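Scroll down for the structure; my scribbles are underneath it.
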Amino acid sequence: DTGVSQNPRHKITKRGQNVTFRCDPISEHNRLYWYRQTLGQGPEFLTYFQNEAQLEKSRLLSDRFSAERPKGSFSTLEIQRTEQGDSAMYLCASSLRAGSIETQYFGPGTRLLVL
Amino acid sequence: AQSVTQLGSHVSVSEGALVLLRCNYSSSVPPYLFWYVQYPNQGLQLLLKYTTGATLVKGINGFEAEFKKSETSFHLTKPSAHMSDAAEYFCAVSDPGANSKLTFGKGITLSVRP
């Protein structure tokens with residue numbers, strides 16, 4: 001068990017550029033979550049996958065955001081035409097749903113700064 | 001809808017003193033409750049969780065929390081603070097019948113004075 005990994009750890013981009021983040025979950029975890037954390041706030045739910053199916057998206061996830069989880073393994077989160085308001089820490093978590101109890105394990109996050 | 005309230009943004013204690021971090025929640029169904037800790041430039045680490053059963057939950061690093069349904073609270077305590085406890089602490093709630101997404105409070109920064 002190597003934990004949840006996220007790449008890159010830091011990303012600086014100019015407004016209007018596209019960025020893509022990657023999350024590698026703990027192997028055999030069937031659920032994967034994306035959260036966004038802005039300064040001074042707790043993480044906010046963006047979207048989640050069960051295996052390769054994206055089952056829910058938050059209203060925070062505008063149409064500039066897209067997430068995928070091909071083959072139910074790693075996931076990518078893409079932001080198109082970035083805006084300064086997108087600057088935040090993007091956290092990924094994975095879990096194994098067993099019955100109704102599950103624990104989410106978080107990665108170290110990708111910190112995005114949009115100039 | 002669920003929500004979490006963590007009053008105050010910063011708590012400072014002396015090393016060896018009691019740590020008490022407050023968390024109140026709002027939920028239309030019996031919730032699952034969590035405390036996570038975040039060290040600088042790191043992701044969130046689970047301290048403890050309450051699902052069902054015993055309302056006093058023990059976690060890692062000497063922390064514990066008590067679920068009080070009548071008070072809709074899940075306060076985090078540690079009898080004796082250590083310098084290494086300095087971090088940001090988040091309380092979170094999830095709906096066990098739904099997709100298990102976590103709803104977090106704003107977090108509390110714990111400082112430990114020598």
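Order determines the names: the first chain of the structure tokens is A, the second B, and so forth; residues in each chain are numbered 1 upward, and ligands are numbered 1 upward as they are shown.
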Specify as a PDB file with all heavy atoms, in the first residue's frame all residues of chain A found within 6 Å of chain B, counting only C-alpha atoms.
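Output contents, as saved in selection_30.pdb:
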```
ATOM      1  N   GLN A  41     -10.186  27.539   4.202  1.00  0.00           N
ATOM      2  CA  GLN A  41     -11.434  26.783   4.130  1.00  0.00           C
ATOM      3  C   GLN A  41     -11.152  25.288   4.196  1.00  0.00           C
ATOM      4  O   GLN A  41     -10.041  24.837   3.937  1.00  0.00           O
ATOM      5  CB  GLN A  41     -12.171  27.093   2.824  1.00  0.00           C
ATOM      6  CG  GLN A  41     -12.514  28.550   2.623  1.00  0.00           C
ATOM      7  CD  GLN A  41     -13.499  29.066   3.642  1.00  0.00           C
ATOM      8  OE1 GLN A  41     -14.466  28.392   3.987  1.00  0.00           O
ATOM      9  NE2 GLN A  41     -13.264  30.266   4.144  1.00  0.00           N
ATOM     10  N   GLY A  42     -12.190  24.541   4.537  1.00  0.00           N
ATOM     11  CA  GLY A  42     -12.084  23.099   4.456  1.00  0.00           C
ATOM     12  C   GLY A  42     -12.264  22.630   3.015  1.00  0.00           C
ATOM     13  O   GLY A  42     -12.763  23.380   2.171  1.00  0.00           O
ATOM     14  N   PHE A 106      -6.521  10.370   1.686  1.00  0.00           N
ATOM     15  CA  PHE A 106      -6.216  11.515   0.848  1.00  0.00           C
ATOM     16  C   PHE A 106      -4.782  11.500   0.344  1.00  0.00           C
ATOM     17  O   PHE A 106      -3.860  11.054   1.032  1.00  0.00           O
ATOM     18  CB  PHE A 106      -6.456  12.815   1.628  1.00  0.00           C
ATOM     19  CG  PHE A 106      -7.899  13.179   1.744  1.00  0.00           C
ATOM     20  CD1 PHE A 106      -8.706  12.574   2.696  1.00  0.00           C
ATOM     21  CD2 PHE A 106      -8.463  14.120   0.890  1.00  0.00           C
ATOM     22  CE1 PHE A 106     -10.053  12.898   2.800  1.00  0.00           C
ATOM     23  CE2 PHE A 106      -9.798  14.454   0.985  1.00  0.00           C
ATOM     24  CZ  PHE A 106     -10.586  13.840   1.938  1.00  0.00           C
ATOM     25  N   GLY A 107      -4.606  12.037  -0.840  1.00  0.00           N
ATOM     26  CA  GLY A 107      -3.285  12.290  -1.376  1.00  0.00           C
ATOM     27  C   GLY A 107      -2.754  13.620  -0.867  1.00  0.00           C
ATOM     28  O   GLY A 107      -3.443  14.341  -0.157  1.00  0.00           O
ATOM     29  N   PRO A 108      -1.525  13.973  -1.272  1.00  0.00           N
ATOM     30  CA  PRO A 108      -0.889  15.199  -0.789  1.00  0.00           C
ATOM     31  C   PRO A 108      -1.424  16.461  -1.439  1.00  0.00           C
ATOM     32  O   PRO A 108      -1.147  17.564  -0.976  1.00  0.00           O
ATOM     33  CB  PRO A 108       0.583  14.997  -1.135  1.00  0.00           C
ATOM     34  CG  PRO A 108       0.547  14.086  -2.319  1.00  0.00           C
ATOM     35  CD  PRO A 108      -0.610  13.179  -2.109  1.00  0.00           C
ATOM     36  N   GLY A 109      -2.175  16.302  -2.523  1.00  0.00           N
ATOM     37  CA  GLY A 109      -2.769  17.457  -3.181  1.00  0.00           C
ATOM     38  C   GLY A 109      -1.896  18.056  -4.271  1.00  0.00           C
ATOM     39  O   GLY A 109      -0.669  17.847  -4.316  1.00  0.00           O
TER      40      GLY A 109
END
```
**Message:** I'd like to know which residues of chain A are helix (DSSP H, G or I) (by DSSP, run on the backbone); could you write them as a list in words?
**Reply:**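 In chain A, DSSP puts these residues in helix (DSSP H, G or I): Pro70, Lys71, Gly72, Gln84, Gly85 and Asp86 of chain A.
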Put those residues in a file: N, CA and C atoms, as an mmCIF file, in the first residue's frame.
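File written: result-v4.cif
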```
data_model
loop_
_atom_site.group_PDB
_atom_site.id
_atom_site.type_symbol
_atom_site.label_atom_id
_atom_site.label_comp_id
_atom_site.auth_asym_id
_atom_site.auth_seq_id
_atom_site.Cartn_x
_atom_site.Cartn_y
_atom_site.Cartn_z
ATOM 1 N N PRO A 70 -10.470 6.483 -16.540
ATOM 2 C CA PRO A 70 -10.513 5.367 -17.493
ATOM 3 C C PRO A 70 -10.051 4.076 -16.839
ATOM 4 N N LYS A 71 -10.769 3.015 -17.110
ATOM 5 C CA LYS A 71 -10.419 1.692 -16.602
ATOM 6 C C LYS A 71 -10.493 1.601 -15.082
ATOM 7 N N GLY A 72 -11.080 2.584 -14.455
ATOM 8 C CA GLY A 72 -11.271 2.507 -13.008
ATOM 9 C C GLY A 72 -10.002 2.541 -12.190
ATOM 10 N N GLN A 84 -8.324 33.067 -12.323
ATOM 11 C CA GLN A 84 -7.611 33.278 -11.069
ATOM 12 C C GLN A 84 -8.362 32.637 -9.896
ATOM 13 N N GLY A 85 -9.670 32.574 -9.988
ATOM 14 C CA GLY A 85 -10.484 31.949 -8.947
ATOM 15 C C GLY A 85 -10.299 30.450 -8.849
ATOM 16 N N ASP A 86 -9.620 29.862 -9.828
ATOM 17 C CA ASP A 86 -9.350 28.428 -9.774
ATOM 18 C C ASP A 86 -8.157 28.107 -8.885
#
```
Please extract the residues of chain B with a backbone DSSP assignment of strand (DSSP E or B) and present them as a PDB file with N, CA and C atoms, in the first residue's frame.
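File produced: result-v3.pdb:
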```pdb
ATOM      1  N   SER B   3     -24.005  19.988   7.257  1.00  0.00           N
ATOM      2  CA  SER B   3     -23.048  21.061   7.468  1.00  0.00           C
ATOM      3  C   SER B   3     -22.267  20.792   8.746  1.00  0.00           C
ATOM      4  N   VAL B   4     -21.109  21.424   8.836  1.00  0.00           N
ATOM      5  CA  VAL B   4     -20.236  21.291   9.998  1.00  0.00           C
ATOM      6  C   VAL B   4     -19.800  22.673  10.434  1.00  0.00           C
ATOM      7  N   THR B   5     -19.858  22.914  11.724  1.00  0.00           N
ATOM      8  CA  THR B   5     -19.411  24.179  12.282  1.00  0.00           C
ATOM      9  C   THR B   5     -18.249  23.942  13.226  1.00  0.00           C
ATOM     10  N   HIS B  10      -8.527  29.357  15.371  1.00  0.00           N
ATOM     11  CA  HIS B  10      -7.198  29.110  15.944  1.00  0.00           C
ATOM     12  C   HIS B  10      -7.319  28.814  17.424  1.00  0.00           C
ATOM     13  N   VAL B  11      -6.632  27.759  17.861  1.00  0.00           N
ATOM     14  CA  VAL B  11      -6.540  27.402  19.280  1.00  0.00           C
ATOM     15  C   VAL B  11      -5.074  27.275  19.639  1.00  0.00           C
ATOM     16  N   SER B  12      -4.705  27.882  20.781  1.00  0.00           N
ATOM     17  CA  SER B  12      -3.323  27.800  21.247  1.00  0.00           C
ATOM     18  C   SER B  12      -3.304  27.203  22.651  1.00  0.00           C
ATOM     19  N   VAL B  13      -2.468  26.196  22.846  1.00  0.00           N
ATOM     20  CA  VAL B  13      -2.348  25.563  24.163  1.00  0.00           C
ATOM     21  C   VAL B  13      -0.861  25.410  24.497  1.00  0.00           C
ATOM     22  N   SER B  14      -0.601  25.214  25.747  1.00  0.00           N
ATOM     23  CA  SER B  14       0.762  24.930  26.189  1.00  0.00           C
ATOM     24  C   SER B  14       1.039  23.437  26.072  1.00  0.00           C
ATOM     25  N   VAL B  19      -6.109  19.454  25.081  1.00  0.00           N
ATOM     26  CA  VAL B  19      -6.544  19.966  23.790  1.00  0.00           C
ATOM     27  C   VAL B  19      -8.035  19.684  23.641  1.00  0.00           C
ATOM     28  N   LEU B  20      -8.799  20.719  23.290  1.00  0.00           N
ATOM     29  CA  LEU B  20     -10.232  20.565  23.021  1.00  0.00           C
ATOM     30  C   LEU B  20     -10.562  21.340  21.758  1.00  0.00           C
ATOM     31  N   LEU B  21     -10.957  20.634  20.728  1.00  0.00           N
ATOM     32  CA  LEU B  21     -11.358  21.255  19.468  1.00  0.00           C
ATOM     33  C   LEU B  21     -12.827  20.902  19.245  1.00  0.00           C
ATOM     34  N   ASN B  24     -19.557  20.931  15.745  1.00  0.00           N
ATOM     35  CA  ASN B  24     -20.998  20.689  15.743  1.00  0.00           C
ATOM     36  C   ASN B  24     -21.447  20.439  14.314  1.00  0.00           C
ATOM     37  N   TYR B  25     -22.421  19.568  14.162  1.00  0.00           N
ATOM     38  CA  TYR B  25     -22.852  19.193  12.826  1.00  0.00           C
ATOM     39  C   TYR B  25     -24.361  19.352  12.693  1.00  0.00           C
ATOM     40  N   SER B  26     -24.787  19.386  11.460  1.00  0.00           N
ATOM     41  CA  SER B  26     -26.203  19.373  11.132  1.00  0.00           C
ATOM     42  C   SER B  26     -26.416  18.295  10.087  1.00  0.00           C
ATOM     43  N   TYR B  32     -22.197   9.771   9.739  1.00  0.00           N
ATOM     44  CA  TYR B  32     -20.874   9.311  10.090  1.00  0.00           C
ATOM     45  C   TYR B  32     -20.022  10.567  10.301  1.00  0.00           C
ATOM     46  N   LEU B  33     -19.147  10.549  11.298  1.00  0.00           N
ATOM     47  CA  LEU B  33     -18.367  11.724  11.652  1.00  0.00           C
ATOM     48  C   LEU B  33     -16.881  11.398  11.657  1.00  0.00           C
ATOM     49  N   PHE B  34     -16.079  12.364  11.247  1.00  0.00           N
ATOM     50  CA  PHE B  34     -14.644  12.147  11.079  1.00  0.00           C
ATOM     51  C   PHE B  34     -13.873  13.368  11.598  1.00  0.00           C
ATOM     52  N   TRP B  35     -12.677  13.103  12.064  1.00  0.00           N
ATOM     53  CA  TRP B  35     -11.685  14.139  12.276  1.00  0.00           C
ATOM     54  C   TRP B  35     -10.450  13.799  11.440  1.00  0.00           C
ATOM     55  N   TYR B  36     -10.003  14.806  10.676  1.00  0.00           N
ATOM     56  CA  TYR B  36      -8.785  14.685   9.894  1.00  0.00           C
ATOM     57  C   TYR B  36      -7.792  15.741  10.363  1.00  0.00           C
ATOM     58  N   VAL B  37      -6.498  15.445  10.216  1.00  0.00           N
ATOM     59  CA  VAL B  37      -5.448  16.404  10.522  1.00  0.00           C
ATOM     60  C   VAL B  37      -4.646  16.674   9.248  1.00  0.00           C
ATOM     61  N   GLN B  38      -4.248  17.924   9.095  1.00  0.00           N
ATOM     62  CA  GLN B  38      -3.455  18.308   7.923  1.00  0.00           C
ATOM     63  C   GLN B  38      -2.219  19.060   8.378  1.00  0.00           C
ATOM     64  N   LEU B  44      -4.664  15.233   3.869  1.00  0.00           N
ATOM     65  CA  LEU B  44      -5.365  15.006   5.121  1.00  0.00           C
ATOM     66  C   LEU B  44      -5.149  13.573   5.607  1.00  0.00           C
ATOM     67  N   GLN B  45      -4.939  13.449   6.909  1.00  0.00           N
ATOM     68  CA  GLN B  45      -4.752  12.140   7.529  1.00  0.00           C
ATOM     69  C   GLN B  45      -5.898  11.896   8.509  1.00  0.00           C
ATOM     70  N   LEU B  46      -6.499  10.722   8.434  1.00  0.00           N
ATOM     71  CA  LEU B  46      -7.612  10.404   9.317  1.00  0.00           C
ATOM     72  C   LEU B  46      -7.121  10.205  10.744  1.00  0.00           C
ATOM     73  N   LEU B  47      -7.743  10.934  11.687  1.00  0.00           N
ATOM     74  CA  LEU B  47      -7.446  10.754  13.102  1.00  0.00           C
ATOM     75  C   LEU B  47      -8.362   9.707  13.721  1.00  0.00           C
ATOM     76  N   LEU B  48      -9.647   9.849  13.446  1.00  0.00           N
ATOM     77  CA  LEU B  48     -10.638   8.914  14.004  1.00  0.00           C
ATOM     78  C   LEU B  48     -11.964   9.107  13.288  1.00  0.00           C
ATOM     79  N   LYS B  49     -12.854   8.129  13.511  1.00  0.00           N
ATOM     80  CA  LYS B  49     -14.171   8.223  12.898  1.00  0.00           C
ATOM     81  C   LYS B  49     -15.215   7.578  13.782  1.00  0.00           C
ATOM     82  N   TYR B  50     -16.427   8.078  13.677  1.00  0.00           N
ATOM     83  CA  TYR B  50     -17.579   7.471  14.333  1.00  0.00           C
ATOM     84  C   TYR B  50     -18.553   7.030  13.259  1.00  0.00           C
ATOM     85  N   LEU B  56     -17.805   6.990  22.313  1.00  0.00           N
ATOM     86  CA  LEU B  56     -16.456   7.503  22.566  1.00  0.00           C
ATOM     87  C   LEU B  56     -15.504   6.755  21.642  1.00  0.00           C
ATOM     88  N   VAL B  57     -14.874   7.513  20.773  1.00  0.00           N
ATOM     89  CA  VAL B  57     -14.030   6.916  19.744  1.00  0.00           C
ATOM     90  C   VAL B  57     -12.575   7.308  20.004  1.00  0.00           C
ATOM     91  N   LYS B  58     -11.713   6.327  19.983  1.00  0.00           N
ATOM     92  CA  LYS B  58     -10.283   6.600  20.159  1.00  0.00           C
ATOM     93  C   LYS B  58      -9.581   6.547  18.805  1.00  0.00           C
ATOM     94  N   GLU B  64      -9.088  11.458  21.014  1.00  0.00           N
ATOM     95  CA  GLU B  64     -10.368  10.792  21.088  1.00  0.00           C
ATOM     96  C   GLU B  64     -11.476  11.817  20.892  1.00  0.00           C
ATOM     97  N   ALA B  65     -12.660  11.323  20.555  1.00  0.00           N
ATOM     98  CA  ALA B  65     -13.806  12.199  20.339  1.00  0.00           C
ATOM     99  C   ALA B  65     -15.058  11.484  20.816  1.00  0.00           C
ATOM    100  N   GLU B  66     -16.016  12.269  21.251  1.00  0.00           N
ATOM    101  CA  GLU B  66     -17.264  11.700  21.737  1.00  0.00           C
ATOM    102  C   GLU B  66     -18.429  12.216  20.917  1.00  0.00           C
ATOM    103  N   PHE B  67     -19.219  11.291  20.390  1.00  0.00           N
ATOM    104  CA  PHE B  67     -20.418  11.642  19.640  1.00  0.00           C
ATOM    105  C   PHE B  67     -21.551  11.861  20.639  1.00  0.00           C
ATOM    106  N   LYS B  68     -22.120  13.086  20.612  1.00  0.00           N
ATOM    107  CA  LYS B  68     -23.258  13.400  21.470  1.00  0.00           C
ATOM    108  C   LYS B  68     -24.417  13.825  20.583  1.00  0.00           C
ATOM    109  N   SER B  73     -22.871  17.156  18.534  1.00  0.00           N
ATOM    110  CA  SER B  73     -21.458  17.525  18.646  1.00  0.00           C
ATOM    111  C   SER B  73     -20.555  16.314  18.503  1.00  0.00           C
ATOM    112  N   PHE B  74     -19.318  16.595  18.161  1.00  0.00           N
ATOM    113  CA  PHE B  74     -18.288  15.555  18.005  1.00  0.00           C
ATOM    114  C   PHE B  74     -16.951  16.230  18.302  1.00  0.00           C
ATOM    115  N   HIS B  75     -16.772  16.634  19.536  1.00  0.00           N
ATOM    116  CA  HIS B  75     -15.576  17.379  19.936  1.00  0.00           C
ATOM    117  C   HIS B  75     -14.361  16.457  20.055  1.00  0.00           C
ATOM    118  N   LEU B  76     -13.222  16.978  19.671  1.00  0.00           N
ATOM    119  CA  LEU B  76     -11.962  16.235  19.678  1.00  0.00           C
ATOM    120  C   LEU B  76     -11.145  16.644  20.892  1.00  0.00           C
ATOM    121  N   THR B  77     -10.598  15.669  21.623  1.00  0.00           N
ATOM    122  CA  THR B  77      -9.788  15.973  22.799  1.00  0.00           C
ATOM    123  C   THR B  77      -8.511  15.145  22.816  1.00  0.00           C
ATOM    124  N   LYS B  78      -7.541  15.694  23.547  1.00  0.00           N
ATOM    125  CA  LYS B  78      -6.305  14.974  23.845  1.00  0.00           C
ATOM    126  C   LYS B  78      -5.847  15.460  25.206  1.00  0.00           C
ATOM    127  N   ALA B  87      -0.955  21.637  13.985  1.00  0.00           N
ATOM    128  CA  ALA B  87      -1.432  21.326  12.631  1.00  0.00           C
ATOM    129  C   ALA B  87      -2.816  21.938  12.481  1.00  0.00           C
ATOM    130  N   GLU B  88      -3.434  21.662  11.326  1.00  0.00           N
ATOM    131  CA  GLU B  88      -4.814  22.090  11.115  1.00  0.00           C
ATOM    132  C   GLU B  88      -5.719  20.872  11.222  1.00  0.00           C
ATOM    133  N   TYR B  89      -6.831  21.043  11.905  1.00  0.00           N
ATOM    134  CA  TYR B  89      -7.741  19.935  12.176  1.00  0.00           C
ATOM    135  C   TYR B  89      -9.102  20.217  11.556  1.00  0.00           C
ATOM    136  N   PHE B  90      -9.610  19.212  10.848  1.00  0.00           N
ATOM    137  CA  PHE B  90     -10.890  19.345  10.168  1.00  0.00           C
ATOM    138  C   PHE B  90     -11.869  18.290  10.671  1.00  0.00           C
ATOM    139  N   CYS B  91     -13.061  18.737  10.975  1.00  0.00           N
ATOM    140  CA  CYS B  91     -14.165  17.847  11.293  1.00  0.00           C
ATOM    141  C   CYS B  91     -14.994  17.670  10.021  1.00  0.00           C
ATOM    142  N   ALA B  92     -15.489  16.474   9.791  1.00  0.00           N
ATOM    143  CA  ALA B  92     -16.259  16.212   8.577  1.00  0.00           C
ATOM    144  C   ALA B  92     -17.409  15.266   8.874  1.00  0.00           C
ATOM    145  N   VAL B  93     -18.437  15.369   8.057  1.00  0.00           N
ATOM    146  CA  VAL B  93     -19.623  14.533   8.190  1.00  0.00           C
ATOM    147  C   VAL B  93     -19.958  13.917   6.847  1.00  0.00           C
ATOM    148  N   SER B  94     -20.493  12.711   6.862  1.00  0.00           N
ATOM    149  CA  SER B  94     -20.987  12.111   5.623  1.00  0.00           C
ATOM    150  C   SER B  94     -22.310  11.424   5.898  1.00  0.00           C
ATOM    151  N   THR B 103     -18.448  16.343   3.939  1.00  0.00           N
ATOM    152  CA  THR B 103     -18.669  17.772   4.097  1.00  0.00           C
ATOM    153  C   THR B 103     -17.820  18.222   5.276  1.00  0.00           C
ATOM    154  N   PHE B 104     -16.904  19.135   5.005  1.00  0.00           N
ATOM    155  CA  PHE B 104     -15.930  19.557   6.001  1.00  0.00           C
ATOM    156  C   PHE B 104     -16.310  20.877   6.652  1.00  0.00           C
ATOM    157  N   ILE B 108      -9.589  24.135  12.144  1.00  0.00           N
ATOM    158  CA  ILE B 108      -9.032  24.864  13.284  1.00  0.00           C
ATOM    159  C   ILE B 108      -7.532  24.631  13.300  1.00  0.00           C
ATOM    160  N   THR B 109      -6.781  25.727  13.399  1.00  0.00           N
ATOM    161  CA  THR B 109      -5.328  25.620  13.503  1.00  0.00           C
ATOM    162  C   THR B 109      -4.945  25.500  14.968  1.00  0.00           C
ATOM    163  N   LEU B 110      -4.247  24.435  15.302  1.00  0.00           N
ATOM    164  CA  LEU B 110      -3.787  24.220  16.678  1.00  0.00           C
ATOM    165  C   LEU B 110      -2.315  24.599  16.786  1.00  0.00           C
ATOM    166  N   SER B 111      -2.020  25.504  17.693  1.00  0.00           N
ATOM    167  CA  SER B 111      -0.634  25.860  18.013  1.00  0.00           C
ATOM    168  C   SER B 111      -0.310  25.328  19.394  1.00  0.00           C
ATOM    169  N   VAL B 112       0.908  24.844  19.575  1.00  0.00           N
ATOM    170  CA  VAL B 112       1.336  24.322  20.866  1.00  0.00           C
ATOM    171  C   VAL B 112       2.552  25.117  21.323  1.00  0.00           C
ATOM    172  N   ARG B 113       2.422  25.773  22.456  1.00  0.00           N
ATOM    173  CA  ARG B 113       3.499  26.597  22.999  1.00  0.00           C
ATOM    174  C   ARG B 113       4.407  25.745  23.894  1.00  0.00           C
TER     175      ARG B 113
END
```
**Message:** Set the distance at 6 Å and use only C-alpha atoms: which residues neighbour segment 3-20 of chain A once local chain neighbours fewer than 2 positions away are removed? I'd like the list as a VMD selection string.
**Reply:** chain A and resid 1 22 to 26 77 to 83 107 110 to 115
**Prompt:** If we count only C-alpha atoms, what is near Lys57 of chain A at a cut-off of 10 Å, once residues fewer than 5 positions away on the same chain are taken out, given as a list in words?
**Reply:**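 In the requested format, the answer is Trp34, Phe45, Leu46, Thr47, Tyr48, Phe49, Ser62, Ser66 and Ala67 of chain A.
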Would you export the selected residues with N, CA, C and O atoms as a PDB file, in the first residue's frame, please?
```pdb
ATOM      1  N   TRP A  34     -12.633  13.787  -5.796  1.00  0.00           N
ATOM      2  CA  TRP A  34     -11.878  15.026  -5.960  1.00  0.00           C
ATOM      3  C   TRP A  34     -12.511  16.106  -5.080  1.00  0.00           C
ATOM      4  O   TRP A  34     -13.743  16.252  -5.046  1.00  0.00           O
ATOM      5  N   PHE A  45     -16.283  19.179  -1.842  1.00  0.00           N
ATOM      6  CA  PHE A  45     -16.477  18.072  -2.773  1.00  0.00           C
ATOM      7  C   PHE A  45     -16.667  18.595  -4.194  1.00  0.00           C
ATOM      8  O   PHE A  45     -17.428  19.544  -4.425  1.00  0.00           O
ATOM      9  N   LEU A  46     -15.983  17.960  -5.139  1.00  0.00           N
ATOM     10  CA  LEU A  46     -16.163  18.297  -6.552  1.00  0.00           C
ATOM     11  C   LEU A  46     -16.880  17.182  -7.314  1.00  0.00           C
ATOM     12  O   LEU A  46     -17.875  17.426  -7.997  1.00  0.00           O
ATOM     13  N   THR A  47     -16.336  15.965  -7.216  1.00  0.00           N
ATOM     14  CA  THR A  47     -16.910  14.874  -7.976  1.00  0.00           C
ATOM     15  C   THR A  47     -16.387  13.552  -7.432  1.00  0.00           C
ATOM     16  O   THR A  47     -15.408  13.529  -6.682  1.00  0.00           O
ATOM     17  N   TYR A  48     -17.061  12.441  -7.808  1.00  0.00           N
ATOM     18  CA  TYR A  48     -16.521  11.159  -7.413  1.00  0.00           C
ATOM     19  C   TYR A  48     -16.859  10.081  -8.438  1.00  0.00           C
ATOM     20  O   TYR A  48     -17.805  10.213  -9.232  1.00  0.00           O
ATOM     21  N   PHE A  49     -16.040   9.051  -8.416  1.00  0.00           N
ATOM     22  CA  PHE A  49     -16.171   7.901  -9.318  1.00  0.00           C
ATOM     23  C   PHE A  49     -16.318   6.630  -8.501  1.00  0.00           C
ATOM     24  O   PHE A  49     -15.679   6.467  -7.470  1.00  0.00           O
ATOM     25  N   SER A  62     -17.760  23.647 -12.731  1.00  0.00           N
ATOM     26  CA  SER A  62     -18.314  24.296 -13.915  1.00  0.00           C
ATOM     27  C   SER A  62     -17.974  23.486 -15.158  1.00  0.00           C
ATOM     28  O   SER A  62     -17.209  22.515 -15.111  1.00  0.00           O
ATOM     29  N   SER A  66     -13.372  19.018 -16.160  1.00  0.00           N
ATOM     30  CA  SER A  66     -13.767  17.673 -16.558  1.00  0.00           C
ATOM     31  C   SER A  66     -12.869  16.670 -15.859  1.00  0.00           C
ATOM     32  O   SER A  66     -11.677  16.903 -15.685  1.00  0.00           O
ATOM     33  N   ALA A  67     -13.457  15.587 -15.442  1.00  0.00           N
ATOM     34  CA  ALA A  67     -12.711  14.539 -14.762  1.00  0.00           C
ATOM     35  C   ALA A  67     -12.997  13.209 -15.429  1.00  0.00           C
ATOM     36  O   ALA A  67     -14.103  12.970 -15.921  1.00  0.00           O
TER      37      ALA A  67
END
```
**Item:** Residues near Arg31 of chain A, cut-off 6 Å, only C-alpha atoms, skip fewer than 6 positions along chain, as a ChimeraX atom specification
**Value:** /A:49-50,94-95
